[in-house]
file input-v3.cif (mmCIF, C-alpha atoms and all ligand atoms)
data_run
#
loop_
_atom_site.label_atom_id
_atom_site.label_comp_id
_atom_site.auth_asym_id
_atom_site.auth_seq_id
_atom_site.Cartn_x
_atom_site.Cartn_y
_atom_site.Cartn_z
CA ALA A 1 74.08 98.35 90.43
CA LYS A 2 77.77 98.69 89.55
CA GLU A 3 80.19 95.86 90.28
CA PRO A 4 82.56 96.78 93.15
CA VAL A 5 86.07 97.94 92.22
CA ARG A 6 88.91 96.42 94.23
CA VAL A 7 91.36 99.03 95.48
CA LEU A 8 94.68 98.07 97.05
CA VAL A 9 96.36 100.40 99.53
CA THR A 10 99.81 99.29 100.66
CA GLY A 11 101.22 100.78 103.86
CA ALA A 12 97.58 101.04 104.93
CA ALA A 13 98.43 101.15 108.66
CA GLY A 14 100.53 104.27 108.13
CA GLN A 15 99.44 107.87 108.36
CA ILE A 16 98.59 108.44 104.71
CA GLY A 17 96.77 105.12 104.72
CA TYR A 18 94.68 106.21 107.68
CA ALA A 19 93.60 109.36 105.85
CA LEU A 20 93.18 107.63 102.49
CA VAL A 21 91.05 104.55 103.18
CA PRO A 22 88.00 106.48 104.45
CA MET A 23 88.18 108.77 101.41
CA ILE A 24 88.13 105.75 99.11
CA ALA A 25 85.29 104.16 101.10
CA ARG A 26 83.26 107.38 100.77
CA GLY A 27 83.58 107.49 97.01
CA VAL A 28 86.02 110.40 96.83
CA MET A 29 88.37 108.40 94.58
CA LEU A 30 86.02 106.58 92.21
CA GLY A 31 82.70 108.37 92.52
CA ALA A 32 79.73 108.42 94.86
CA ASP A 33 77.96 105.65 92.91
CA GLN A 34 80.91 103.24 92.73
CA PRO A 35 81.01 100.44 95.32
CA VAL A 36 84.51 99.44 96.44
CA ILE A 37 86.28 96.56 98.15
CA LEU A 38 89.37 97.71 100.02
CA HIS A 39 92.51 95.58 100.08
CA MET A 40 94.91 96.80 102.75
CA LEU A 41 98.50 95.55 103.01
CA ASP A 42 101.09 96.25 105.65
CA ILE A 43 104.03 94.40 107.18
CA PRO A 44 103.79 92.04 110.19
CA PRO A 45 104.95 94.59 112.84
CA ALA A 46 101.97 96.73 111.78
CA ALA A 47 99.44 93.88 111.57
CA GLU A 48 97.66 94.77 114.80
CA ALA A 49 97.36 98.43 113.84
CA LEU A 50 96.10 97.36 110.41
CA ASN A 51 93.42 95.28 112.05
CA GLY A 52 92.43 98.35 114.08
CA VAL A 53 91.94 100.29 110.85
CA LYS A 54 89.78 97.47 109.54
CA MET A 55 87.67 97.61 112.73
CA GLU A 56 87.17 101.34 112.22
CA LEU A 57 86.13 100.84 108.59
CA VAL A 58 83.46 98.40 109.80
CA ASP A 59 82.40 100.87 112.48
CA ALA A 60 82.09 103.71 109.98
CA ALA A 61 79.36 101.75 108.13
CA PHE A 62 80.24 103.20 104.73
CA PRO A 63 77.41 102.34 102.32
CA LEU A 64 79.79 102.01 99.33
CA LEU A 65 82.22 99.70 101.12
CA LYS A 66 81.41 96.12 100.10
CA GLY A 67 84.35 94.37 101.74
CA VAL A 68 87.71 94.78 103.45
CA VAL A 69 90.77 92.57 103.06
CA ALA A 70 93.43 93.42 105.67
CA THR A 71 96.54 91.32 105.31
CA THR A 72 100.30 91.07 105.54
CA ASP A 73 100.35 88.61 102.64
CA VAL A 74 101.28 90.44 99.44
CA VAL A 75 99.67 87.83 97.17
CA GLU A 76 96.34 87.97 99.00
CA ALA A 77 96.54 91.78 98.95
CA CYS A 78 97.17 91.99 95.20
CA THR A 79 94.68 89.38 94.03
CA GLY A 80 92.10 90.79 91.66
CA VAL A 81 92.80 94.45 92.34
CA ASN A 82 91.75 97.00 89.72
CA VAL A 83 93.54 99.97 91.30
CA ALA A 84 96.73 99.79 93.38
CA VAL A 85 97.86 102.73 95.50
CA MET A 86 101.36 101.98 96.72
CA VAL A 87 101.96 103.97 99.91
CA GLY A 88 104.06 101.41 101.77
CA GLY A 89 107.77 101.91 101.90
CA PHE A 90 110.85 102.24 104.02
CA PRO A 91 111.21 105.75 105.43
CA ARG A 92 114.50 107.61 105.56
CA LYS A 93 115.77 107.53 109.11
CA GLU A 94 118.29 109.82 110.70
CA GLY A 95 121.82 109.06 109.63
CA MET A 96 120.78 106.90 106.69
CA GLU A 97 122.46 107.45 103.34
CA ARG A 98 120.28 108.04 100.28
CA LYS A 99 121.61 104.82 98.82
CA ASP A 100 120.50 102.79 101.86
CA VAL A 101 116.94 104.12 101.63
CA MET A 102 116.94 103.53 97.88
CA SER A 103 118.17 99.99 98.35
CA LYS A 104 115.40 99.11 100.84
CA ASN A 105 112.68 100.56 98.63
CA VAL A 106 113.99 99.10 95.40
CA SER A 107 113.76 95.61 96.86
CA ILE A 108 110.22 96.25 98.18
CA TYR A 109 109.04 97.56 94.79
CA LYS A 110 110.77 94.77 92.90
CA SER A 111 108.93 92.07 94.86
CA GLN A 112 105.58 93.88 94.89
CA ALA A 113 105.90 94.34 91.09
CA SER A 114 105.91 90.56 90.66
CA ALA A 115 102.94 90.09 92.98
CA LEU A 116 100.91 92.70 91.08
CA GLU A 117 101.91 91.32 87.71
CA GLN A 118 100.83 87.82 88.67
CA HIS A 119 97.73 88.50 90.73
CA ALA A 120 96.16 91.89 89.97
CA ALA A 121 93.24 92.23 87.56
CA PRO A 122 94.22 92.79 83.93
CA ASN A 123 94.59 96.50 83.18
CA CYS A 124 95.15 97.34 86.86
CA LYS A 125 96.07 101.00 87.32
CA VAL A 126 99.00 101.61 89.65
CA LEU A 127 99.84 104.80 91.55
CA VAL A 128 103.08 104.91 93.56
CA VAL A 129 103.06 107.39 96.45
CA ALA A 130 105.96 106.12 98.59
CA ASN A 131 109.27 107.89 98.15
CA PRO A 132 111.38 108.00 96.09
CA ALA A 133 108.06 107.88 94.21
CA ASN A 134 109.28 108.23 90.61
CA THR A 135 112.04 105.67 91.00
CA ASN A 136 109.92 103.22 92.99
CA ALA A 137 107.39 103.41 90.14
CA LEU A 138 110.15 102.83 87.60
CA ILE A 139 111.35 99.73 89.44
CA LEU A 140 107.78 98.48 89.67
CA LYS A 141 107.45 98.96 85.90
CA GLU A 142 110.74 97.23 85.13
CA PHE A 143 109.87 94.16 87.21
CA ALA A 144 106.29 93.87 86.00
CA PRO A 145 106.96 93.73 82.25
CA SER A 146 103.52 92.35 81.41
CA ILE A 147 101.76 95.35 82.98
CA PRO A 148 101.60 98.04 80.28
CA ALA A 149 103.98 100.91 81.12
CA LYS A 150 101.09 103.37 80.73
CA ASN A 151 99.38 101.73 83.73
CA ILE A 152 102.20 102.65 86.13
CA THR A 153 102.34 106.20 87.48
CA CYS A 154 103.59 108.14 90.47
CA LEU A 155 102.06 110.93 92.54
CA THR A 156 103.00 114.53 91.77
CA ARG A 157 99.41 115.73 92.11
CA LEU A 158 100.13 116.87 95.66
CA ASP A 159 102.80 119.22 94.31
CA HIS A 160 100.38 120.31 91.57
CA ASN A 161 97.68 121.07 94.14
CA ARG A 162 100.20 122.90 96.33
CA ALA A 163 101.05 125.12 93.34
CA LEU A 164 97.34 125.86 92.76
CA GLY A 165 97.01 126.67 96.46
CA GLN A 166 99.92 129.12 96.44
CA ILE A 167 98.53 131.00 93.43
CA SER A 168 95.07 131.16 94.95
CA GLU A 169 96.47 132.54 98.22
CA LYS A 170 98.64 135.10 96.40
CA LEU A 171 95.78 136.42 94.25
CA ASN A 172 93.08 135.90 96.86
CA VAL A 173 90.97 133.89 94.41
CA GLN A 174 89.18 130.56 94.73
CA VAL A 175 91.52 127.64 94.17
CA SER A 176 88.90 126.11 91.85
CA ASP A 177 89.33 129.11 89.54
CA VAL A 178 93.06 128.43 89.07
CA LYS A 179 94.18 125.76 86.59
CA ASN A 180 96.90 124.37 84.35
CA VAL A 181 99.95 124.76 86.54
CA ILE A 182 102.52 122.05 85.76
CA ILE A 183 104.86 120.00 87.91
CA TRP A 184 107.76 118.81 85.78
CA GLY A 185 110.10 115.97 86.70
CA ASN A 186 110.82 114.39 90.04
CA HIS A 187 108.69 114.44 93.19
CA SER A 188 111.66 115.90 95.07
CA SER A 189 113.00 119.36 95.72
CA SER A 190 114.35 119.42 92.15
CA GLN A 191 110.79 119.43 90.74
CA TYR A 192 109.85 122.44 88.63
CA PRO A 193 106.47 124.02 89.40
CA ASP A 194 105.69 125.98 86.21
CA VAL A 195 103.01 128.69 85.99
CA ASN A 196 103.77 129.89 82.46
CA HIS A 197 100.60 128.32 81.05
CA ALA A 198 98.41 128.60 84.15
CA THR A 199 95.24 130.67 84.14
CA VAL A 200 92.67 132.10 86.54
CA MET A 201 88.96 132.42 85.79
CA THR A 202 87.97 136.02 86.55
CA PRO A 203 84.67 137.90 86.10
CA SER A 204 86.14 139.21 82.83
CA GLY A 205 87.21 135.80 81.51
CA GLU A 206 90.25 133.57 81.76
CA LYS A 207 93.53 135.42 82.44
CA PRO A 208 97.13 134.17 82.53
CA VAL A 209 98.57 133.86 86.03
CA ARG A 210 101.66 135.79 84.84
CA GLU A 211 99.43 138.74 83.89
CA LEU A 212 97.55 138.77 87.20
CA VAL A 213 100.43 138.21 89.61
CA LYS A 214 102.64 140.89 88.00
CA ASP A 215 105.45 139.89 90.35
CA ASP A 216 107.96 137.90 88.32
CA ALA A 217 110.47 137.88 91.16
CA TRP A 218 107.94 136.02 93.33
CA LEU A 219 106.85 133.66 90.55
CA ASN A 220 110.44 132.81 89.61
CA GLY A 221 111.68 132.63 93.18
CA GLU A 222 109.65 132.23 96.34
CA PHE A 223 106.70 130.54 94.62
CA ILE A 224 108.93 127.81 93.23
CA THR A 225 110.88 127.20 96.43
CA THR A 226 107.70 127.21 98.55
CA VAL A 227 106.17 124.44 96.44
CA GLN A 228 109.45 122.51 96.28
CA GLN A 229 109.93 122.67 100.04
CA ARG A 230 106.33 122.43 101.20
CA GLY A 231 106.75 118.84 102.33
CA ALA A 232 109.58 119.83 104.65
CA ALA A 233 107.56 122.81 105.96
CA ILE A 234 104.68 120.47 106.89
CA ILE A 235 107.04 118.10 108.70
CA LYS A 236 108.49 121.04 110.64
CA ALA A 237 105.03 122.26 111.64
CA ARG A 238 103.30 118.94 112.30
CA LYS A 239 106.31 116.83 113.27
CA LEU A 240 104.73 114.39 110.81
CA SER A 241 104.70 114.43 107.04
CA SER A 242 101.75 115.53 104.89
CA ALA A 243 99.04 112.92 105.13
CA LEU A 244 95.61 114.43 104.51
CA SER A 245 96.82 116.42 101.52
CA ALA A 246 98.74 113.42 100.15
CA ALA A 247 95.67 111.18 100.53
CA SER A 248 93.45 113.77 98.90
CA ALA A 249 95.89 114.18 96.00
CA ALA A 250 96.03 110.39 95.51
CA CYS A 251 92.22 110.40 95.16
CA ASP A 252 92.40 113.30 92.67
CA HIS A 253 95.04 111.45 90.63
CA ILE A 254 93.05 108.22 90.32
CA ARG A 255 89.69 109.96 89.88
CA ASP A 256 90.92 112.07 86.97
CA TRP A 257 92.74 109.11 85.41
CA VAL A 258 89.65 106.88 85.56
CA LEU A 259 86.86 109.42 85.05
CA GLY A 260 88.72 111.97 82.88
CA THR A 261 89.97 115.54 83.23
CA PRO A 262 87.55 118.40 82.55
CA GLU A 263 87.68 119.91 79.04
CA GLY A 264 90.50 122.47 78.81
CA THR A 265 92.15 121.36 82.06
CA TRP A 266 95.29 119.35 82.53
CA VAL A 267 96.85 117.86 85.66
CA SER A 268 100.35 116.65 86.58
CA MET A 269 101.17 112.94 86.72
CA GLY A 270 104.44 111.06 86.95
CA VAL A 271 104.38 108.78 83.87
CA TYR A 272 106.82 106.67 81.88
CA SER A 273 108.64 109.21 79.74
CA ASP A 274 108.71 108.91 75.96
CA GLY A 275 111.14 111.83 75.77
CA SER A 276 108.45 114.50 75.28
CA TYR A 277 109.80 118.03 75.92
CA ASN A 278 113.30 116.51 75.71
CA ALA A 279 112.89 114.95 79.13
CA PRO A 280 115.00 111.82 79.52
CA ALA A 281 113.13 108.81 78.09
CA GLY A 282 112.82 105.67 80.21
CA VAL A 283 112.31 107.34 83.60
CA ILE A 284 109.08 108.19 85.38
CA TYR A 285 108.84 111.96 84.83
CA SER A 286 105.99 114.29 85.81
CA PHE A 287 104.26 115.91 82.82
CA PRO A 288 101.06 117.84 82.17
CA VAL A 289 98.47 115.27 81.07
CA THR A 290 94.83 115.09 80.09
CA CYS A 291 92.83 111.91 80.71
CA LYS A 292 89.98 110.36 78.73
CA ASN A 293 88.50 106.83 78.65
CA GLY A 294 90.89 105.74 81.40
CA GLU A 295 94.06 106.78 79.55
CA TRP A 296 96.40 109.71 80.05
CA THR A 297 98.02 111.69 77.22
CA ILE A 298 100.90 114.12 77.63
CA VAL A 299 99.87 117.66 76.62
CA GLN A 300 102.05 118.53 73.65
CA GLY A 301 103.27 121.76 72.09
CA LEU A 302 103.63 123.99 75.16
CA ALA A 303 106.34 126.63 74.76
CA ILE A 304 109.32 126.13 77.08
CA ASP A 305 111.43 129.23 77.68
CA GLU A 306 115.10 129.23 78.60
CA PHE A 307 114.44 129.56 82.35
CA SER A 308 112.12 126.55 82.25
CA ARG A 309 114.43 124.53 80.00
CA LYS A 310 117.19 124.59 82.59
CA LYS A 311 114.79 123.47 85.31
CA LEU A 312 113.31 120.64 83.22
CA ASP A 313 116.85 119.42 82.49
CA LEU A 314 117.97 119.64 86.11
CA THR A 315 115.14 117.52 87.49
CA GLY A 316 115.53 115.11 84.54
CA ALA A 317 119.21 114.66 85.34
CA GLU A 318 118.32 113.84 88.94
CA LEU A 319 115.91 111.13 87.75
CA THR A 320 118.55 109.61 85.48
CA GLU A 321 120.94 109.56 88.41
CA GLU A 322 118.30 107.97 90.69
CA LYS A 323 117.68 105.31 88.06
CA GLU A 324 121.40 104.47 88.00
CA LEU A 325 121.51 104.39 91.79
CA ALA A 326 118.47 102.09 91.88
CA TYR A 327 120.09 99.70 89.40
CA SER A 328 123.32 99.72 91.36
CA CYS A 329 121.31 98.61 94.40
CA LEU A 330 119.94 95.64 92.46
CA SER A 331 123.23 94.30 91.19
P1 LIG B 401 104.16 105.89 107.42
O1 LIG B 401 105.51 105.48 107.87
O2 LIG B 401 103.18 106.45 108.38
O3 LIG B 401 103.44 104.64 106.70
C1 LIG B 401 104.10 103.78 105.85
C2 LIG B 401 103.54 102.39 106.07
O4 LIG B 401 104.14 101.50 105.13
C3 LIG B 401 103.83 101.82 107.47
O5 LIG B 401 102.62 101.38 108.08
C4 LIG B 401 104.78 100.67 107.18
O6 LIG B 401 104.62 99.59 108.09
C5 LIG B 401 104.32 100.28 105.77
N1 LIG B 401 105.28 99.46 105.02
C6 LIG B 401 106.64 99.44 105.10
N2 LIG B 401 107.14 98.52 104.28
C7 LIG B 401 106.09 97.95 103.66
C8 LIG B 401 105.98 96.90 102.71
N3 LIG B 401 107.06 96.27 102.25
N4 LIG B 401 104.74 96.55 102.29
C9 LIG B 401 103.64 97.17 102.78
N5 LIG B 401 103.69 98.15 103.70
C10 LIG B 401 104.90 98.53 104.12
O7 LIG B 401 104.41 106.89 106.20
P2 LIG B 401 103.39 107.89 105.50
O8 LIG B 401 103.49 109.22 106.13
O9 LIG B 401 102.06 107.26 105.39
O10 LIG B 401 104.07 108.03 104.07
C11 LIG B 401 104.15 106.93 103.20
C12 LIG B 401 105.08 107.22 102.04
O11 LIG B 401 104.55 108.25 101.21
C13 LIG B 401 106.48 107.70 102.45
O12 LIG B 401 107.41 107.05 101.60
C14 LIG B 401 106.43 109.17 102.16
O13 LIG B 401 107.71 109.68 101.90
C15 LIG B 401 105.58 109.19 100.92
N6 LIG B 401 104.93 110.47 100.59
C16 LIG B 401 104.80 110.78 99.26
C17 LIG B 401 104.15 111.92 98.86
C18 LIG B 401 103.99 112.24 97.41
O14 LIG B 401 103.47 113.32 97.11
N7 LIG B 401 104.40 111.42 96.45
C19 LIG B 401 103.60 112.86 99.86
C20 LIG B 401 103.76 112.43 101.22
C21 LIG B 401 104.41 111.27 101.56
#
call {"tool": "encode", "arguments": {"input": "input-v3.cif", "output": "structure tokens"}}
result
Amino acid sequence: AKEPVRVLVTGAAGQIGYALVPMIARGVMLGADQPVILHMLDIPPAAEALNGVKMELVDAAFPLLKGVVATTDVVEACTGVNVAVMVGGFPRKEGMERKDVMSKNVSIYKSQASALEQHAAPNCKVLVVANPANTNALILKEFAPSIPAKNITCLTRLDHNRALGQISEKLNVQVSDVKNVIIWGNHSSSQYPDVNHATVMTPSGEKPVRELVKDDAWLNGEFITTVQQRGAAIIKARKLSSALSAASAACDHIRDWVLGTPEGTWVSMGVYSDGSYNAPAGVIYSFPVTCKNGEWTIVQGLAIDEFSRKKLDLTGAELTEEKELAYSCLS
């Protein structure tokens, strides 16, 4: 039998946490033959709710779930974890300036970086979900210098999956037949959902999305804004932000990272930029990646047209600005 993998979920008493922990306990994240021990962290005001989630995990009698740690102690939460999904954060409240939200989150991610660095298992893989996701991940990376930069990522898979969903709805095809969309840049409304390399499997072989959709105005307009603003549309409809789709995307992200992407398929991940595609280096930027043996690699050599170039630059500039803002909060 396999040794259990320890998976940390921070903000586990929140709404994404509530959707995510049962998925992990059912093997959706790491496979149906991989036992797991869940580590759940939240803050003291949420301790009782967190304990309620723990009770439900016991009550669900998940065969793969070998243990549950539910705590408000960050050291206990981080100890020995192999995978860390960072969902906890300070939400933007009405009337708050961007800088105030940034400041709260930067200090959370700075202190959790140290706890992970000192107490997580070596080679722990980190996924930051909480917003501002890219910049929280960057701060985590900066304050955990002994964790390799390649182990620290942020979630843009939800945006990637939303793009797949929009194409599948437009063409009335199965979402599983659509692949290789790209989310470039920031997990914010400046992100660029790119379909220039995306394809659809049809009865007569693989076809470019551009060839099948035949509606450039939609692809260059409404498609992009729908994906960029989908989070806001969900909040408007549900009066709560996306939780089941965010939790599902977090599982997809870790699963593909650990178990590998299928041959010929790439996915989008926010990773520490080396300046590929002339994105700013030294920020967490979403790129197309393939994964193998537990490591991601940025897909190289894709043609970037003038329309795309502008959009890659715009979202890159926003990330550079967020990085400066984050540093100004620290000093
Ligand atoms: P929520 O407010 O329901 O849950 C957040 C939880 O984090 C709360 O239980 C809170 O007590 C906890 N928390 C706050 N500070 C903490 C700390 N220092 N340590 C541990 N836990 C802490 O929020 P929800 O809906 O679950 O969303 C969580 C985050 O994910 C938000 O920042 C949201 O903006 C972000 N998000 C990101 C997405 C992405 O695609 N990257 C998609 C959807 C949401």
call {"tool": "residues_near_ligand", "arguments": {"input": "input-v3.cif", "ligand": "ligand LIG 401 (chain B)", "cutoff": "7 Å", "atoms": "only C-alpha atoms and all ligand atoms", "output": "PDB file with C-alpha atoms, keeping the file's coordinate frame"}}
result
ATOM      1  CA  THR A  10      99.810  99.290 100.660  1.00  0.00           C
ATOM      2  CA  GLY A  11     101.220 100.780 103.860  1.00  0.00           C
ATOM      3  CA  ALA A  12      97.580 101.040 104.930  1.00  0.00           C
ATOM      4  CA  ALA A  13      98.430 101.150 108.660  1.00  0.00           C
ATOM      5  CA  GLY A  14     100.530 104.270 108.130  1.00  0.00           C
ATOM      6  CA  GLN A  15      99.440 107.870 108.360  1.00  0.00           C
ATOM      7  CA  ILE A  16      98.590 108.440 104.710  1.00  0.00           C
ATOM      8  CA  GLY A  17      96.770 105.120 104.720  1.00  0.00           C
ATOM      9  CA  LEU A  41      98.500  95.550 103.010  1.00  0.00           C
ATOM     10  CA  ASP A  42     101.090  96.250 105.650  1.00  0.00           C
ATOM     11  CA  ILE A  43     104.030  94.400 107.180  1.00  0.00           C
ATOM     12  CA  PRO A  45     104.950  94.590 112.840  1.00  0.00           C
ATOM     13  CA  ALA A  46     101.970  96.730 111.780  1.00  0.00           C
ATOM     14  CA  VAL A  87     101.960 103.970  99.910  1.00  0.00           C
ATOM     15  CA  GLY A  88     104.060 101.410 101.770  1.00  0.00           C
ATOM     16  CA  GLY A  89     107.770 101.910 101.900  1.00  0.00           C
ATOM     17  CA  PHE A  90     110.850 102.240 104.020  1.00  0.00           C
ATOM     18  CA  PRO A  91     111.210 105.750 105.430  1.00  0.00           C
ATOM     19  CA  ILE A 108     110.220  96.250  98.180  1.00  0.00           C
ATOM     20  CA  VAL A 129     103.060 107.390  96.450  1.00  0.00           C
ATOM     21  CA  ALA A 130     105.960 106.120  98.590  1.00  0.00           C
ATOM     22  CA  ASN A 131     109.270 107.890  98.150  1.00  0.00           C
ATOM     23  CA  PRO A 132     111.380 108.000  96.090  1.00  0.00           C
ATOM     24  CA  ALA A 133     108.060 107.880  94.210  1.00  0.00           C
ATOM     25  CA  CYS A 154     103.590 108.140  90.470  1.00  0.00           C
ATOM     26  CA  LEU A 155     102.060 110.930  92.540  1.00  0.00           C
ATOM     27  CA  THR A 156     103.000 114.530  91.770  1.00  0.00           C
ATOM     28  CA  ARG A 157      99.410 115.730  92.110  1.00  0.00           C
ATOM     29  CA  LEU A 158     100.130 116.870  95.660  1.00  0.00           C
ATOM     30  CA  ASP A 159     102.800 119.220  94.310  1.00  0.00           C
ATOM     31  CA  HIS A 187     108.690 114.440  93.190  1.00  0.00           C
ATOM     32  CA  SER A 241     104.700 114.430 107.040  1.00  0.00           C
ATOM     33  CA  SER A 242     101.750 115.530 104.890  1.00  0.00           C
ATOM     34  CA  ALA A 243      99.040 112.920 105.130  1.00  0.00           C
ATOM     35  CA  ALA A 246      98.740 113.420 100.150  1.00  0.00           C
TER      36      ALA A 246
END
call {"tool": "residues_around", "arguments": {"input": "input-v3.cif", "residues": "A:Val289", "least_positions_apart": "5", "cutoff": "9 Å", "atoms": "only C-alpha atoms", "output": "list in words"}}
result
Thr261, Thr265, Trp266, Val267, Ser268, Met269, Trp296, Thr297, Ile298, Val299 and Gln300 of chain A
call {"tool": "residues_around", "arguments": {"input": "input-v3.cif", "residues": "stretch 206-222 of chain A", "least_positions_apart": "5", "cutoff": "8 Å", "atoms": "all atoms listed in the file", "output": "list in words"}}
result
Ile167, Lys170, Leu171, Val195, Asn196, His197, Ala198, Thr199, Val200 and Met201 of chain A
call {"tool": "closest_atom_pairs", "arguments": {"input": "input-v3.cif", "of": "stretch 82-163 of chain A", "to": "stretch 33-40 of chain A", "cutoff": "10 Å", "atoms": "only C-alpha atoms", "output": "tab-separated table"}}
result
residue	atom	partner	partner_atom	distance
A:Val83	CA	A:His39	CA	9.9
A:Ala84	CA	A:His39	CA	9.0
A:Val85	CA	A:Met40	CA	9.8
call {"tool": "atom_distance", "arguments": {"input": "input-v3.cif", "atom1": "atom CA of A:Trp184", "atom2": "atom CA of A:Phe287"}}
result
5.4 Å
call {"tool": "closest_residue", "arguments": {"input": "input-v3.cif", "among": "A:Leu50, A:Leu259, A:Leu325, A:Leu8", "to": "A:Gln112", "atoms": "all atoms listed in the file"}}
result
A:Leu8
call {"tool": "atom_distance", "arguments": {"input": "input-v3.cif", "atom1": "atom CA of A:Lys150", "atom2": "atom CA of A:Thr79"}}
result
20.3 Å
call {"tool": "residues_near_point", "arguments": {"input": "input-v3.cif", "point": "(97.0, 95.1, 90.0)", "cutoff": "12 Å", "atoms": "all atoms listed in the file", "output": "ChimeraX atom specification"}}
result
/A:5-10,39,74-86,112-127,140-141,144,146-148,151-152
call {"tool": "closest_residue", "arguments": {"input": "input-v3.cif", "among": "A:Val175, A:Leu65, A:Val283, A:Ala137", "to": "A:Val106", "atoms": "all atoms listed in the file"}}
result
A:Ala137
call {"tool": "closest_residue", "arguments": {"input": "input-v3.cif", "among": "A:Pro44, A:Arg26, A:Ser286, A:Gly31", "to": "A:Ala60", "atoms": "only C-alpha atoms"}}
result
A:Arg26
call {"tool": "closest_residue", "arguments": {"input": "input-v3.cif", "among": "A:Gly205, A:Gly231, A:Gly95, A:Gly316", "to": "A:Tyr192", "atoms": "only C-alpha atoms"}}
result
A:Gly316
call {"tool": "residues_around", "arguments": {"input": "input-v3.cif", "residues": "A:Val271", "least_positions_apart": "4", "cutoff": "6 Å", "atoms": "all atoms listed in the file", "output": "list in words"}}
result
Thr153, Ile284 and Tyr285 of chain A
call {"tool": "closest_residue", "arguments": {"input": "input-v3.cif", "among": "A:Leu57, A:Val181, A:Cys251, A:Val173", "to": "A:Val28", "atoms": "all atoms listed in the file"}}
result
A:Cys251
